[in-house]
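Text of data_29.cif (mmCIF, C-alpha atoms and all ligand atoms) as supplied:
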```cif
data_structure
loop_
_atom_site.label_atom_id
_atom_site.label_comp_id
_atom_site.auth_asym_id
_atom_site.auth_seq_id
_atom_site.Cartn_x
_atom_site.Cartn_y
_atom_site.Cartn_z
CA MET A 1 -15.36 -24.25 -50.04
CA GLU A 2 -14.79 -22.09 -53.08
CA PHE A 3 -15.08 -23.24 -56.63
CA TYR A 4 -11.79 -23.54 -58.40
CA LYS A 5 -11.45 -23.41 -62.16
CA TYR A 6 -8.76 -25.61 -63.55
CA ALA A 7 -7.99 -25.19 -67.24
CA THR A 8 -7.28 -28.29 -69.26
CA SER A 9 -7.49 -29.40 -72.90
CA SER A 10 -9.52 -32.09 -74.60
CA PRO A 11 -7.95 -34.61 -77.03
CA TRP A 12 -9.59 -32.55 -79.81
CA GLY A 13 -7.63 -29.45 -78.85
CA VAL A 14 -10.68 -27.63 -77.48
CA SER A 15 -10.14 -25.96 -74.14
CA PHE A 16 -12.66 -26.51 -71.39
CA PHE A 17 -12.78 -26.03 -67.67
CA CYS A 18 -12.95 -28.64 -64.99
CA ARG A 19 -14.13 -27.78 -61.52
CA LEU A 20 -11.71 -29.68 -59.36
CA ASP A 21 -10.94 -29.56 -55.71
CA PRO A 22 -7.93 -27.18 -55.53
CA VAL A 23 -6.05 -29.33 -53.03
CA SER A 24 -6.62 -32.90 -54.16
CA LEU A 25 -7.56 -32.23 -57.81
CA THR A 26 -10.37 -34.73 -57.41
CA LEU A 27 -13.94 -34.44 -58.72
CA MET A 28 -16.22 -31.98 -56.94
CA LYS A 29 -18.80 -33.78 -54.81
CA MET A 30 -22.38 -32.68 -55.36
CA LEU A 31 -25.28 -33.68 -53.12
CA VAL A 32 -28.67 -33.48 -54.83
CA THR A 33 -31.65 -33.79 -52.47
CA GLY A 34 -34.89 -34.95 -54.07
CA GLY A 35 -32.92 -36.29 -57.04
CA ALA A 36 -35.40 -39.11 -57.66
CA GLY A 37 -38.27 -36.68 -58.26
CA PHE A 38 -39.23 -34.87 -61.45
CA ILE A 39 -36.90 -31.86 -61.61
CA GLY A 40 -34.15 -33.52 -59.57
CA THR A 41 -34.00 -36.51 -61.93
CA ASN A 42 -33.73 -34.23 -64.94
CA PHE A 43 -31.09 -32.16 -63.12
CA VAL A 44 -28.97 -35.24 -62.31
CA ARG A 45 -29.24 -36.52 -65.88
CA ARG A 46 -28.32 -33.13 -67.32
CA THR A 47 -25.41 -32.67 -64.93
CA LEU A 48 -23.97 -36.11 -65.71
CA THR A 49 -23.91 -35.34 -69.43
CA THR A 50 -22.86 -31.68 -69.31
CA ARG A 51 -20.67 -31.49 -66.18
CA PRO A 52 -18.41 -34.53 -65.87
CA GLU A 53 -16.46 -32.71 -63.16
CA TYR A 54 -19.12 -33.57 -60.57
CA GLU A 55 -19.49 -36.79 -58.62
CA ILE A 56 -23.15 -36.93 -57.63
CA THR A 57 -24.83 -38.31 -54.53
CA VAL A 58 -28.63 -38.28 -54.43
CA LEU A 59 -30.50 -38.13 -51.12
CA ASP A 60 -34.16 -38.97 -51.55
CA LYS A 61 -36.79 -40.33 -49.18
CA LEU A 62 -38.62 -42.00 -52.07
CA THR A 63 -42.05 -40.72 -51.13
CA TYR A 64 -44.88 -41.55 -53.53
CA ALA A 65 -43.37 -38.83 -55.79
CA GLY A 66 -39.86 -40.28 -55.94
CA ASN A 67 -38.83 -43.16 -58.18
CA SER A 68 -35.35 -44.63 -57.84
CA SER A 69 -35.68 -46.34 -61.23
CA ASN A 70 -35.32 -42.84 -62.74
CA LEU A 71 -31.62 -43.14 -61.85
CA THR A 72 -31.07 -46.80 -62.79
CA GLY A 73 -27.84 -47.25 -64.73
CA LEU A 74 -26.59 -43.74 -63.96
CA ASP A 75 -23.22 -43.13 -62.35
CA VAL A 76 -24.55 -41.70 -59.07
CA HIS A 77 -24.50 -42.71 -55.42
CA PHE A 78 -28.00 -43.06 -54.09
CA VAL A 79 -28.99 -42.71 -50.44
CA GLN A 80 -32.56 -43.32 -49.43
CA GLY A 81 -33.32 -41.11 -46.45
CA ASP A 82 -35.12 -38.11 -45.06
CA VAL A 83 -33.66 -34.63 -45.48
CA ALA A 84 -35.03 -33.90 -41.99
CA ASP A 85 -32.76 -36.63 -40.52
CA ARG A 86 -30.07 -34.41 -39.03
CA GLU A 87 -27.52 -37.12 -38.37
CA LEU A 88 -27.72 -38.46 -41.93
CA VAL A 89 -27.74 -35.01 -43.48
CA ASP A 90 -24.75 -33.95 -41.39
CA LYS A 91 -22.73 -36.89 -42.74
CA LEU A 92 -23.74 -36.26 -46.35
CA VAL A 93 -23.13 -32.52 -46.26
CA LYS A 94 -19.75 -33.03 -44.58
CA ALA A 95 -18.75 -35.19 -47.56
CA SER A 96 -20.00 -32.67 -50.18
CA ASP A 97 -18.60 -29.55 -51.85
CA VAL A 98 -21.95 -28.35 -53.14
CA VAL A 99 -25.58 -29.11 -52.31
CA VAL A 100 -28.61 -28.55 -54.55
CA HIS A 101 -31.80 -28.81 -52.50
CA PHE A 102 -34.83 -29.96 -54.51
CA ALA A 103 -36.41 -32.30 -51.94
CA ALA A 104 -39.92 -31.21 -50.98
CA GLU A 105 -43.55 -32.18 -50.92
CA THR A 106 -44.78 -30.40 -54.04
CA HIS A 107 -48.41 -31.02 -54.89
CA VAL A 108 -50.78 -28.18 -54.05
CA ASP A 109 -53.89 -30.41 -54.09
CA ALA A 110 -52.21 -32.88 -51.69
CA SER A 111 -51.29 -30.02 -49.34
CA LEU A 112 -54.98 -29.11 -49.17
CA ARG A 113 -55.84 -32.69 -48.19
CA ASP A 114 -53.04 -33.22 -45.62
CA PRO A 115 -50.52 -30.44 -44.90
CA ALA A 116 -48.46 -32.25 -42.22
CA ALA A 117 -45.92 -33.82 -44.58
CA PHE A 118 -45.37 -30.39 -46.16
CA VAL A 119 -44.35 -28.83 -42.85
CA HIS A 120 -42.04 -31.76 -42.17
CA SER A 121 -40.21 -32.03 -45.49
CA ASN A 122 -40.26 -28.44 -46.62
CA VAL A 123 -39.68 -26.56 -43.35
CA VAL A 124 -38.09 -29.04 -40.93
CA GLY A 125 -36.13 -30.69 -43.77
CA THR A 126 -34.69 -27.38 -44.96
CA PHE A 127 -33.82 -26.44 -41.38
CA ALA A 128 -31.90 -29.71 -40.92
CA LEU A 129 -29.99 -29.12 -44.14
CA LEU A 130 -29.20 -25.51 -43.25
CA GLU A 131 -27.71 -26.51 -39.92
CA ALA A 132 -25.27 -28.84 -41.68
CA ILE A 133 -24.53 -26.22 -44.35
CA ARG A 134 -23.71 -23.72 -41.60
CA LYS A 135 -21.46 -26.20 -39.79
CA TYR A 136 -19.39 -27.12 -42.87
CA ASP A 137 -19.73 -23.82 -44.81
CA THR A 138 -20.86 -25.77 -47.87
CA ARG A 139 -22.11 -24.10 -51.07
CA LEU A 140 -25.92 -24.44 -51.26
CA HIS A 141 -28.40 -23.75 -54.01
CA TYR A 142 -31.96 -23.79 -52.72
CA ILE A 143 -34.85 -24.45 -55.12
CA SER A 144 -37.84 -22.29 -54.28
CA THR A 145 -40.93 -21.60 -56.37
CA ASP A 146 -42.95 -18.76 -57.87
CA GLU A 147 -45.86 -19.70 -55.59
CA VAL A 148 -44.27 -18.06 -52.53
CA PHE A 149 -45.29 -14.68 -54.02
CA GLY A 150 -48.95 -15.67 -54.14
CA ASP A 151 -50.82 -14.92 -57.34
CA LEU A 152 -51.69 -12.01 -59.62
CA GLU A 153 -55.13 -11.04 -60.90
CA LEU A 154 -55.84 -12.26 -64.43
CA THR A 155 -56.12 -8.61 -65.48
CA ASP A 156 -52.83 -7.65 -63.80
CA SER A 157 -49.97 -7.51 -66.33
CA ARG A 158 -47.20 -7.22 -63.72
CA ARG A 159 -44.67 -10.01 -63.20
CA PHE A 160 -42.95 -11.28 -60.07
CA THR A 161 -39.40 -10.10 -59.49
CA GLU A 162 -36.77 -11.00 -56.89
CA THR A 163 -38.13 -8.23 -54.66
CA SER A 164 -41.83 -9.13 -54.85
CA PRO A 165 -43.36 -9.51 -51.38
CA TYR A 166 -44.12 -12.98 -50.04
CA ASN A 167 -47.83 -13.81 -50.05
CA PRO A 168 -48.32 -17.59 -50.19
CA SER A 169 -51.85 -19.00 -50.56
CA SER A 170 -51.73 -22.77 -50.03
CA PRO A 171 -50.13 -24.99 -47.37
CA TYR A 172 -47.60 -25.99 -50.06
CA SER A 173 -46.55 -22.44 -50.89
CA ALA A 174 -46.64 -21.38 -47.22
CA THR A 175 -44.17 -24.13 -46.30
CA LYS A 176 -41.94 -23.26 -49.26
CA ALA A 177 -42.06 -19.62 -48.15
CA GLY A 178 -41.17 -20.69 -44.59
CA ALA A 179 -38.15 -22.57 -45.92
CA ASP A 180 -37.14 -19.56 -48.06
CA HIS A 181 -37.15 -17.35 -44.97
CA LEU A 182 -34.93 -19.83 -43.17
CA VAL A 183 -32.45 -19.85 -46.07
CA ARG A 184 -32.45 -16.05 -46.24
CA ALA A 185 -32.00 -15.76 -42.47
CA TRP A 186 -29.11 -18.26 -42.49
CA ILE A 187 -27.46 -16.22 -45.27
CA ARG A 188 -27.83 -12.99 -43.34
CA SER A 189 -27.13 -14.29 -39.83
CA PHE A 190 -24.52 -16.96 -40.50
CA ASN A 191 -23.10 -15.97 -43.91
CA ILE A 192 -23.75 -19.38 -45.42
CA PRO A 193 -22.67 -19.49 -49.10
CA ALA A 194 -26.13 -19.93 -50.57
CA THR A 195 -28.22 -18.82 -53.54
CA LEU A 196 -31.96 -19.26 -54.16
CA SER A 197 -34.08 -19.49 -57.28
CA HIS A 198 -37.81 -19.11 -57.90
CA CYS A 199 -39.05 -20.93 -60.96
CA SER A 200 -42.50 -21.12 -62.48
CA ASN A 201 -44.40 -24.30 -63.45
CA ASN A 202 -42.19 -26.94 -65.06
CA TYR A 203 -43.17 -29.58 -67.58
CA GLY A 204 -41.21 -32.38 -69.26
CA PRO A 205 -40.29 -36.05 -68.79
CA TYR A 206 -40.47 -37.83 -65.40
CA GLN A 207 -43.15 -35.51 -63.96
CA HIS A 208 -45.57 -37.28 -61.64
CA ILE A 209 -48.92 -37.87 -63.36
CA GLU A 210 -50.81 -36.11 -60.57
CA LYS A 211 -49.65 -32.80 -62.12
CA PHE A 212 -51.66 -30.94 -64.75
CA ILE A 213 -49.83 -31.67 -68.01
CA PRO A 214 -48.88 -35.35 -67.52
CA ARG A 215 -52.32 -36.00 -66.04
CA GLN A 216 -53.99 -34.86 -69.25
CA ILE A 217 -51.53 -36.69 -71.52
CA THR A 218 -52.03 -39.93 -69.60
CA ASN A 219 -55.79 -39.38 -69.47
CA ILE A 220 -55.82 -39.35 -73.25
CA LEU A 221 -53.46 -42.32 -73.48
CA THR A 222 -55.84 -44.31 -71.23
CA HIS A 223 -59.00 -43.11 -73.01
CA ARG A 224 -60.09 -40.91 -70.12
CA THR A 225 -61.36 -37.38 -70.70
CA PRO A 226 -58.87 -34.58 -69.85
CA LYS A 227 -59.94 -32.59 -66.76
CA LEU A 228 -59.86 -28.81 -66.50
CA TYR A 229 -60.39 -27.16 -63.11
CA GLY A 230 -63.10 -24.49 -63.09
CA THR A 231 -63.12 -22.20 -66.11
CA GLY A 232 -59.48 -22.86 -67.00
CA ALA A 233 -58.78 -19.13 -67.24
CA GLN A 234 -55.81 -19.46 -64.87
CA ILE A 235 -52.32 -18.77 -66.15
CA ARG A 236 -49.11 -20.60 -65.29
CA ASP A 237 -45.80 -19.31 -66.71
CA TRP A 238 -44.79 -22.73 -68.10
CA ILE A 239 -41.12 -23.62 -68.57
CA HIS A 240 -39.48 -26.80 -69.83
CA VAL A 241 -37.64 -28.60 -67.01
CA ASP A 242 -34.35 -28.50 -68.95
CA ASP A 243 -34.52 -24.73 -69.13
CA HIS A 244 -35.08 -24.59 -65.36
CA ASN A 245 -32.07 -26.81 -64.81
CA SER A 246 -29.78 -24.93 -67.20
CA ALA A 247 -30.54 -21.84 -65.12
CA VAL A 248 -29.73 -23.68 -61.88
CA GLN A 249 -26.38 -24.79 -63.32
CA LEU A 250 -25.58 -21.22 -64.32
CA ILE A 251 -26.45 -19.89 -60.87
CA LEU A 252 -24.22 -22.56 -59.31
CA ASP A 253 -21.38 -21.49 -61.62
CA ASN A 254 -21.69 -17.73 -61.62
CA GLY A 255 -24.49 -16.65 -59.26
CA THR A 256 -23.70 -14.13 -56.56
CA ILE A 257 -23.71 -15.66 -53.08
CA GLY A 258 -26.65 -14.43 -51.03
CA GLU A 259 -28.77 -13.55 -54.08
CA SER A 260 -32.01 -14.99 -55.40
CA TYR A 261 -32.91 -15.39 -59.06
CA ILE A 262 -36.26 -15.58 -60.83
CA ILE A 263 -36.42 -18.23 -63.58
CA GLY A 264 -39.11 -17.97 -66.26
CA ALA A 265 -39.53 -18.49 -70.00
CA ASP A 266 -42.08 -15.73 -70.82
CA ASN A 267 -45.09 -18.01 -71.23
CA ASP A 268 -47.27 -15.95 -68.90
CA HIS A 269 -49.97 -15.44 -71.53
CA ILE A 270 -51.08 -19.08 -71.93
CA THR A 271 -54.20 -20.14 -69.99
CA ASN A 272 -54.80 -23.66 -68.63
CA LYS A 273 -57.60 -23.92 -71.19
CA GLN A 274 -55.18 -23.20 -74.02
CA VAL A 275 -52.69 -25.74 -72.67
CA ILE A 276 -55.31 -28.50 -72.42
CA SER A 277 -56.58 -27.67 -75.92
CA LEU A 278 -53.04 -27.83 -77.30
CA ILE A 279 -52.48 -31.23 -75.66
CA CYS A 280 -55.75 -32.50 -77.19
CA GLU A 281 -54.78 -31.18 -80.59
CA LEU A 282 -51.22 -32.56 -80.47
CA MET A 283 -52.67 -35.96 -79.53
CA GLY A 284 -55.09 -36.01 -82.45
CA LEU A 285 -58.29 -34.99 -80.62
CA SER A 286 -60.57 -32.04 -81.07
CA PRO A 287 -59.20 -29.02 -79.08
CA ASP A 288 -62.32 -29.04 -76.90
CA ALA A 289 -62.25 -32.76 -76.05
CA TYR A 290 -61.92 -32.09 -72.32
CA GLU A 291 -64.38 -31.64 -69.44
CA HIS A 292 -64.64 -28.99 -66.73
CA VAL A 293 -64.41 -30.37 -63.16
CA SER A 294 -64.60 -28.83 -59.66
CA ASP A 295 -62.21 -25.96 -59.14
CA ARG A 296 -59.33 -26.06 -56.64
CA PRO A 297 -60.18 -24.21 -53.39
CA GLY A 298 -58.24 -20.93 -53.21
CA HIS A 299 -57.00 -21.50 -56.78
CA ASP A 300 -54.10 -19.14 -57.62
CA GLN A 301 -55.09 -17.18 -60.72
CA ARG A 302 -51.96 -16.05 -62.50
CA TYR A 303 -48.21 -16.49 -62.13
CA ALA A 304 -45.80 -14.45 -64.22
CA MET A 305 -42.04 -14.30 -63.88
CA ASP A 306 -39.62 -11.49 -64.75
CA SER A 307 -36.28 -13.22 -65.31
CA THR A 308 -34.42 -10.06 -66.43
CA LYS A 309 -31.81 -10.37 -63.67
CA LEU A 310 -30.89 -13.94 -64.63
CA ARG A 311 -30.75 -13.04 -68.32
CA THR A 312 -28.75 -9.82 -68.00
CA GLU A 313 -26.40 -10.72 -65.14
CA LEU A 314 -25.75 -14.36 -65.98
CA GLY A 315 -26.63 -14.46 -69.71
CA TRP A 316 -29.27 -17.21 -69.34
CA GLN A 317 -31.64 -17.97 -72.23
CA PRO A 318 -34.32 -20.66 -72.35
CA HIS A 319 -33.97 -23.18 -75.17
CA PHE A 320 -37.72 -23.88 -75.60
CA THR A 321 -38.88 -20.49 -76.82
CA ASP A 322 -41.18 -20.82 -79.83
CA THR A 323 -42.74 -17.43 -79.44
CA ASN A 324 -46.15 -17.81 -81.05
CA THR A 325 -46.88 -21.36 -80.04
CA GLY A 326 -45.30 -20.96 -76.62
CA MET A 327 -44.90 -24.53 -75.54
CA ARG A 328 -45.71 -26.52 -78.68
CA THR A 329 -42.26 -28.07 -79.24
CA GLY A 330 -41.65 -28.92 -75.60
CA LEU A 331 -45.17 -30.29 -75.19
CA ALA A 332 -44.87 -32.48 -78.28
CA GLU A 333 -41.61 -33.96 -76.92
CA THR A 334 -43.24 -34.50 -73.53
CA ILE A 335 -46.20 -36.29 -75.11
CA THR A 336 -43.76 -38.55 -76.97
CA TRP A 337 -41.95 -39.36 -73.71
CA TYR A 338 -45.16 -40.40 -71.89
CA THR A 339 -46.29 -42.37 -74.94
CA GLU A 340 -43.00 -44.27 -75.05
CA ASN A 341 -42.71 -44.80 -71.28
CA ARG A 342 -46.07 -46.26 -70.30
CA ALA A 343 -44.47 -48.69 -67.85
CA TRP A 344 -43.14 -45.74 -65.85
CA TRP A 345 -46.57 -44.21 -65.14
CA GLU A 346 -49.25 -46.79 -65.89
CA PRO A 347 -49.12 -48.55 -62.46
CA LEU A 348 -49.90 -45.18 -60.79
CA LYS A 349 -52.79 -44.06 -62.95
CA ALA A 350 -55.80 -45.75 -61.34
CA GLN A 351 -54.87 -44.57 -57.81
CA VAL A 352 -54.16 -40.99 -58.94
CA GLU A 353 -57.54 -40.80 -60.64
CA ALA A 354 -59.30 -42.35 -57.63
CA ASN A 355 -57.78 -39.62 -55.41
CA TYR A 356 -59.04 -36.94 -57.77
CA ALA A 357 -62.48 -38.54 -58.08
CA ALA A 358 -62.87 -38.27 -54.29
CA THR A 359 -62.73 -34.46 -54.57
CA GLY A 360 -64.83 -34.23 -57.72
CA GLN A 361 -61.81 -33.45 -59.87
P1 LIG B 1 -41.44 -33.99 -57.03
O1 LIG B 1 -42.59 -34.08 -56.09
O2 LIG B 1 -41.53 -34.60 -58.37
O3 LIG B 1 -40.13 -34.61 -56.34
C1 LIG B 1 -39.80 -34.33 -55.00
C2 LIG B 1 -38.76 -35.36 -54.56
O4 LIG B 1 -38.39 -35.06 -53.21
C3 LIG B 1 -39.28 -36.79 -54.58
O5 LIG B 1 -38.33 -37.64 -55.18
C4 LIG B 1 -39.47 -37.13 -53.10
O6 LIG B 1 -39.29 -38.51 -52.81
C5 LIG B 1 -38.41 -36.26 -52.46
N1 LIG B 1 -38.71 -35.94 -51.05
C6 LIG B 1 -39.86 -35.45 -50.55
N2 LIG B 1 -39.76 -35.28 -49.22
C7 LIG B 1 -38.50 -35.67 -48.89
C8 LIG B 1 -37.79 -35.73 -47.68
N3 LIG B 1 -38.35 -35.39 -46.50
N4 LIG B 1 -36.51 -36.17 -47.69
C9 LIG B 1 -35.91 -36.53 -48.86
N5 LIG B 1 -36.55 -36.52 -50.03
C10 LIG B 1 -37.82 -36.09 -50.06
O7 LIG B 1 -41.11 -32.43 -57.13
P2 LIG B 1 -40.50 -31.56 -58.31
O8 LIG B 1 -41.60 -31.07 -59.15
O9 LIG B 1 -39.36 -32.27 -58.89
O10 LIG B 1 -39.98 -30.31 -57.45
C11 LIG B 1 -38.64 -30.25 -56.98
C12 LIG B 1 -38.40 -28.90 -56.31
O11 LIG B 1 -38.66 -27.85 -57.23
C13 LIG B 1 -39.32 -28.66 -55.12
O12 LIG B 1 -38.58 -28.02 -54.11
C14 LIG B 1 -40.40 -27.72 -55.67
O13 LIG B 1 -40.92 -26.91 -54.67
C15 LIG B 1 -39.60 -26.93 -56.68
N6 LIG B 1 -40.37 -26.37 -57.81
C16 LIG B 1 -41.15 -27.19 -58.58
C17 LIG B 1 -41.81 -26.66 -59.69
C18 LIG B 1 -42.66 -27.51 -60.59
O14 LIG B 1 -43.34 -26.99 -61.47
N7 LIG B 1 -42.67 -28.83 -60.45
C19 LIG B 1 -41.69 -25.30 -59.97
C20 LIG B 1 -40.91 -24.49 -59.15
C21 LIG B 1 -40.23 -25.05 -58.08
O1 LIG B 2 -56.21 -32.00 -63.53
C1 LIG B 2 -55.88 -30.83 -63.37
N1 LIG B 2 -56.59 -29.85 -64.00
C2 LIG B 2 -56.29 -28.53 -63.88
O2 LIG B 2 -56.95 -27.68 -64.48
C3 LIG B 2 -54.76 -30.44 -62.54
C4 LIG B 2 -53.94 -31.49 -61.83
C5 LIG B 2 -54.45 -29.11 -62.45
N2 LIG B 2 -55.19 -28.17 -63.08
C6 LIG B 2 -54.79 -26.74 -63.01
C7 LIG B 2 -54.47 -26.21 -61.63
C8 LIG B 2 -53.38 -25.20 -61.92
O3 LIG B 2 -53.96 -23.96 -62.29
O4 LIG B 2 -53.56 -26.66 -63.74
C9 LIG B 2 -52.65 -25.75 -63.12
C10 LIG B 2 -51.37 -26.48 -62.76
O5 LIG B 2 -51.65 -27.37 -61.70
P1 LIG B 2 -50.50 -28.27 -61.03
O6 LIG B 2 -49.83 -29.08 -62.08
O7 LIG B 2 -51.08 -28.97 -59.86
O8 LIG B 2 -49.43 -27.17 -60.61
P2 LIG B 2 -49.49 -25.91 -59.63
O9 LIG B 2 -50.57 -26.04 -58.61
O10 LIG B 2 -49.53 -24.67 -60.48
O11 LIG B 2 -48.07 -26.04 -58.89
C11 LIG B 2 -46.89 -26.42 -59.65
O12 LIG B 2 -46.10 -25.31 -60.01
C12 LIG B 2 -45.35 -24.68 -59.01
C13 LIG B 2 -46.06 -27.43 -58.89
O13 LIG B 2 -46.87 -28.54 -58.56
C14 LIG B 2 -45.41 -26.81 -57.71
O14 LIG B 2 -44.62 -27.76 -57.02
C15 LIG B 2 -44.56 -25.67 -58.18
O15 LIG B 2 -43.95 -25.00 -57.11
#
```

Could you render the structure as structure tokens?
Amino acid sequence: MEFYKYATSSPWGVSFFCRLDPVSLTLMKMLVTGGAGFIGTNFVRRTLTTRPEYEITVLDKLTYAGNSSNLTGLDVHFVQGDVADRELVDKLVKASDVVVHFAAETHVDASLRDPAAFVHSNVVGTFALLEAIRKYDTRLHYISTDEVFGDLELTDSRRFTETSPYNPSSPYSATKAGADHLVRAWIRSFNIPATLSHCSNNYGPYQHIEKFIPRQITNILTHRTPKLYGTGAQIRDWIHVDDHNSAVQLILDNGTIGESYIIGADNDHITNKQVISLICELMGLSPDAYEHVSDRPGHDQRYAMDSTKLRTELGWQPHFTDTNTGMRTGLAETITWYTENRAWWEPLKAQVEANYAATGQ
């Protein structure tokens, strides 16, 4: 189905556009897979406030990483289920005008411990979704990652672009790359109306505390010492989750079908060591109040994203862009969120740390 722009006017005399179904003039139906996870939750919340023209259904399996309370009180339909369940996915896609596919197993360390769930959700799940997309010719935006391109040397100043070769290193990134290839093949072979995006490391509210930034914030909040893998010289091109999601919305609106877009906020100069020091400092500790722990096997060294295409073709700009301090504003807001929402993460903390302790991390 094609998007249809229907001009209308607000009571304040300001013109805006509603995206309505051209035949029935009803709300457009959006299916968000993985909408109870970190980025999906933020995407749903952002879409509800900025795009009232969408009626949202969330499909989420509620793995350990999903939390349905993230969506409590929001005007969304919620379906608990597996994106690899073809019968369920067929029904949901049939009833949708647009699908945004976030659902995945996402933690690199977990993929090193047990890769099976990654093959299931990321590869088989994406295949199931693609078959329904093909059947109903539904608009799809697929959320990929920077990790499918592998990593760069710390001394290498190049950045990944849309044409960088695939070179995944971990079971996580290999399964994301597998899913990407399926999406690209379904575009080429079956002309499905899909776009893809590759974003770098996100941070912000609702991120599972197994991940680097919330792990350190919650370590400090629970009087544990922040943990840095290896030397901490690695570089992640950090981006605030809202900037990722504003880019996804823009690609949904104006992206060219069949194309992929790199999303990045130009933070590819900040090492893990600098991030952990900044967290310590923002939380009132000495910048070196962390400890070094065992490194991750096969640790990717540097990610760096060239988002020129997204910026020039679609006019995207990140909001969190303090140039010298990189992530200071976004990190401070994130620290405030975890400080004010202890009930959201505190029940998970002991188990997450026990898992890490088992691998010396
Ligand atoms: P997350 O782990 O916080 O959330 C993933 C969600 O998917 C969870 O709610 C989980 O319950 C759900 N899910 C997992 N398997 C499922 C299945 N089989 N069926 C239905 N639901 C399932 O992940 P996130 O950080 O929000 O990442 C979302 C997407 O963005 C992923 O595709 C990830 O690869 C991609 N991505 C993440 C980052 C990042 O920094 N977090 C960066 C780039 C791309
Ligand atoms: O305690 C820690 N200490 C530490 O130094 C943890 C948990 C991580 N790290 C390091 C490892 C990485 O270099 O911090 C960096 C970030 O680690 P993660 O938060 O686990 O993220 P990463 O492995 O880079 O992958 C993330 O970004 C790309 C997401 O988890 C992926 O889903 C996304 O595709």

I'd like the neighbourhood of Arg302 in chain A as number ranges by chain, where a residue qualifies if any of its atoms comes within 7 Å (using all atoms listed in the file), though same-chain residues fewer than 3 positions away should be ignored. A: 151-154, 234-236

Residue subset to file, keeping C-alpha atoms, as an mmCIF file, keeping the file's coordinate frame:
```
data_model
loop_
_atom_site.group_PDB
_atom_site.id
_atom_site.type_symbol
_atom_site.label_atom_id
_atom_site.label_comp_id
_atom_site.auth_asym_id
_atom_site.auth_seq_id
_atom_site.Cartn_x
_atom_site.Cartn_y
_atom_site.Cartn_z
ATOM 1 C CA ASP A 151 -50.820 -14.920 -57.340
ATOM 2 C CA LEU A 152 -51.690 -12.010 -59.620
ATOM 3 C CA GLU A 153 -55.130 -11.040 -60.900
ATOM 4 C CA LEU A 154 -55.840 -12.260 -64.430
ATOM 5 C CA GLN A 234 -55.810 -19.460 -64.870
ATOM 6 C CA ILE A 235 -52.320 -18.770 -66.150
ATOM 7 C CA ARG A 236 -49.110 -20.600 -65.290
#
```

Enumerate residues in contact with ligand LIG 2 (chain B): an atom-to-atom distance of at most 8 Å, counting only C-alpha atoms and all ligand atoms. Format the result as JSON, numbers by chain. {"A": [105, 106, 107, 108, 109, 144, 145, 146, 147, 172, 173, 199, 200, 201, 202, 210, 211, 212, 213, 215, 216, 226, 227, 228, 229, 230, 232, 234, 235, 236, 272, 273, 293, 295, 296, 299, 300, 301, 361]}

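If all atoms listed in the file are the atoms counted, then among A:Thr126, A:Asn67, A:Asn245, A:Thr231 the closest residue to Ala179 in chain A is A:Thr126.
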
Nearby residues (only C-alpha atoms) at most 10 Å from range 250-261 of chain A, same-chain spacing under 5 positions excluded, as JSON, numbers by chain: {"A": [3, 19, 98, 99, 100, 139, 140, 141, 142, 143, 144, 161, 162, 163, 183, 184, 186, 187, 188, 191, 192, 193, 194, 195, 196, 197, 198, 199, 245, 306, 307, 308, 309, 310, 311, 313, 314, 315, 316]}

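The shortest atom-to-atom distance to ligand LIG 1 (chain B), with all atoms listed in the file taken into account, belongs to A:Thr41 out of A:Thr41, A:Ser277, A:Thr339, A:Thr359.
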
Would you mind writing range 104-112 of chain A with N, CA and C atoms, as a compact mmCIF listing (two decimals), in the coordinates of the input?
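Listed below is the output, selection.txt:
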```txt
# COMPACT_ATOMS: atom_id res chain seq x y z
N ALA A 104 -38.75 -31.88 -51.56
CA ALA A 104 -39.92 -31.21 -50.98
C ALA A 104 -41.17 -32.01 -51.30
N GLU A 105 -42.20 -31.78 -50.51
CA GLU A 105 -43.55 -32.18 -50.92
C GLU A 105 -44.02 -31.06 -51.84
N THR A 106 -44.60 -31.43 -53.01
CA THR A 106 -44.78 -30.40 -54.04
C THR A 106 -46.19 -30.24 -54.61
N HIS A 107 -47.12 -31.09 -54.19
CA HIS A 107 -48.41 -31.02 -54.89
C HIS A 107 -49.43 -30.19 -54.12
N VAL A 108 -49.86 -29.11 -54.72
CA VAL A 108 -50.78 -28.18 -54.05
C VAL A 108 -52.05 -28.89 -53.59
N ASP A 109 -52.64 -29.71 -54.46
CA ASP A 109 -53.89 -30.41 -54.09
C ASP A 109 -53.67 -31.31 -52.88
N ALA A 110 -52.51 -32.00 -52.83
CA ALA A 110 -52.21 -32.88 -51.69
C ALA A 110 -52.04 -32.06 -50.42
N SER A 111 -51.48 -30.86 -50.54
CA SER A 111 -51.29 -30.02 -49.34
C SER A 111 -52.62 -29.54 -48.78
N LEU A 112 -53.64 -29.48 -49.64
CA LEU A 112 -54.98 -29.11 -49.17
C LEU A 112 -55.64 -30.28 -48.45
```
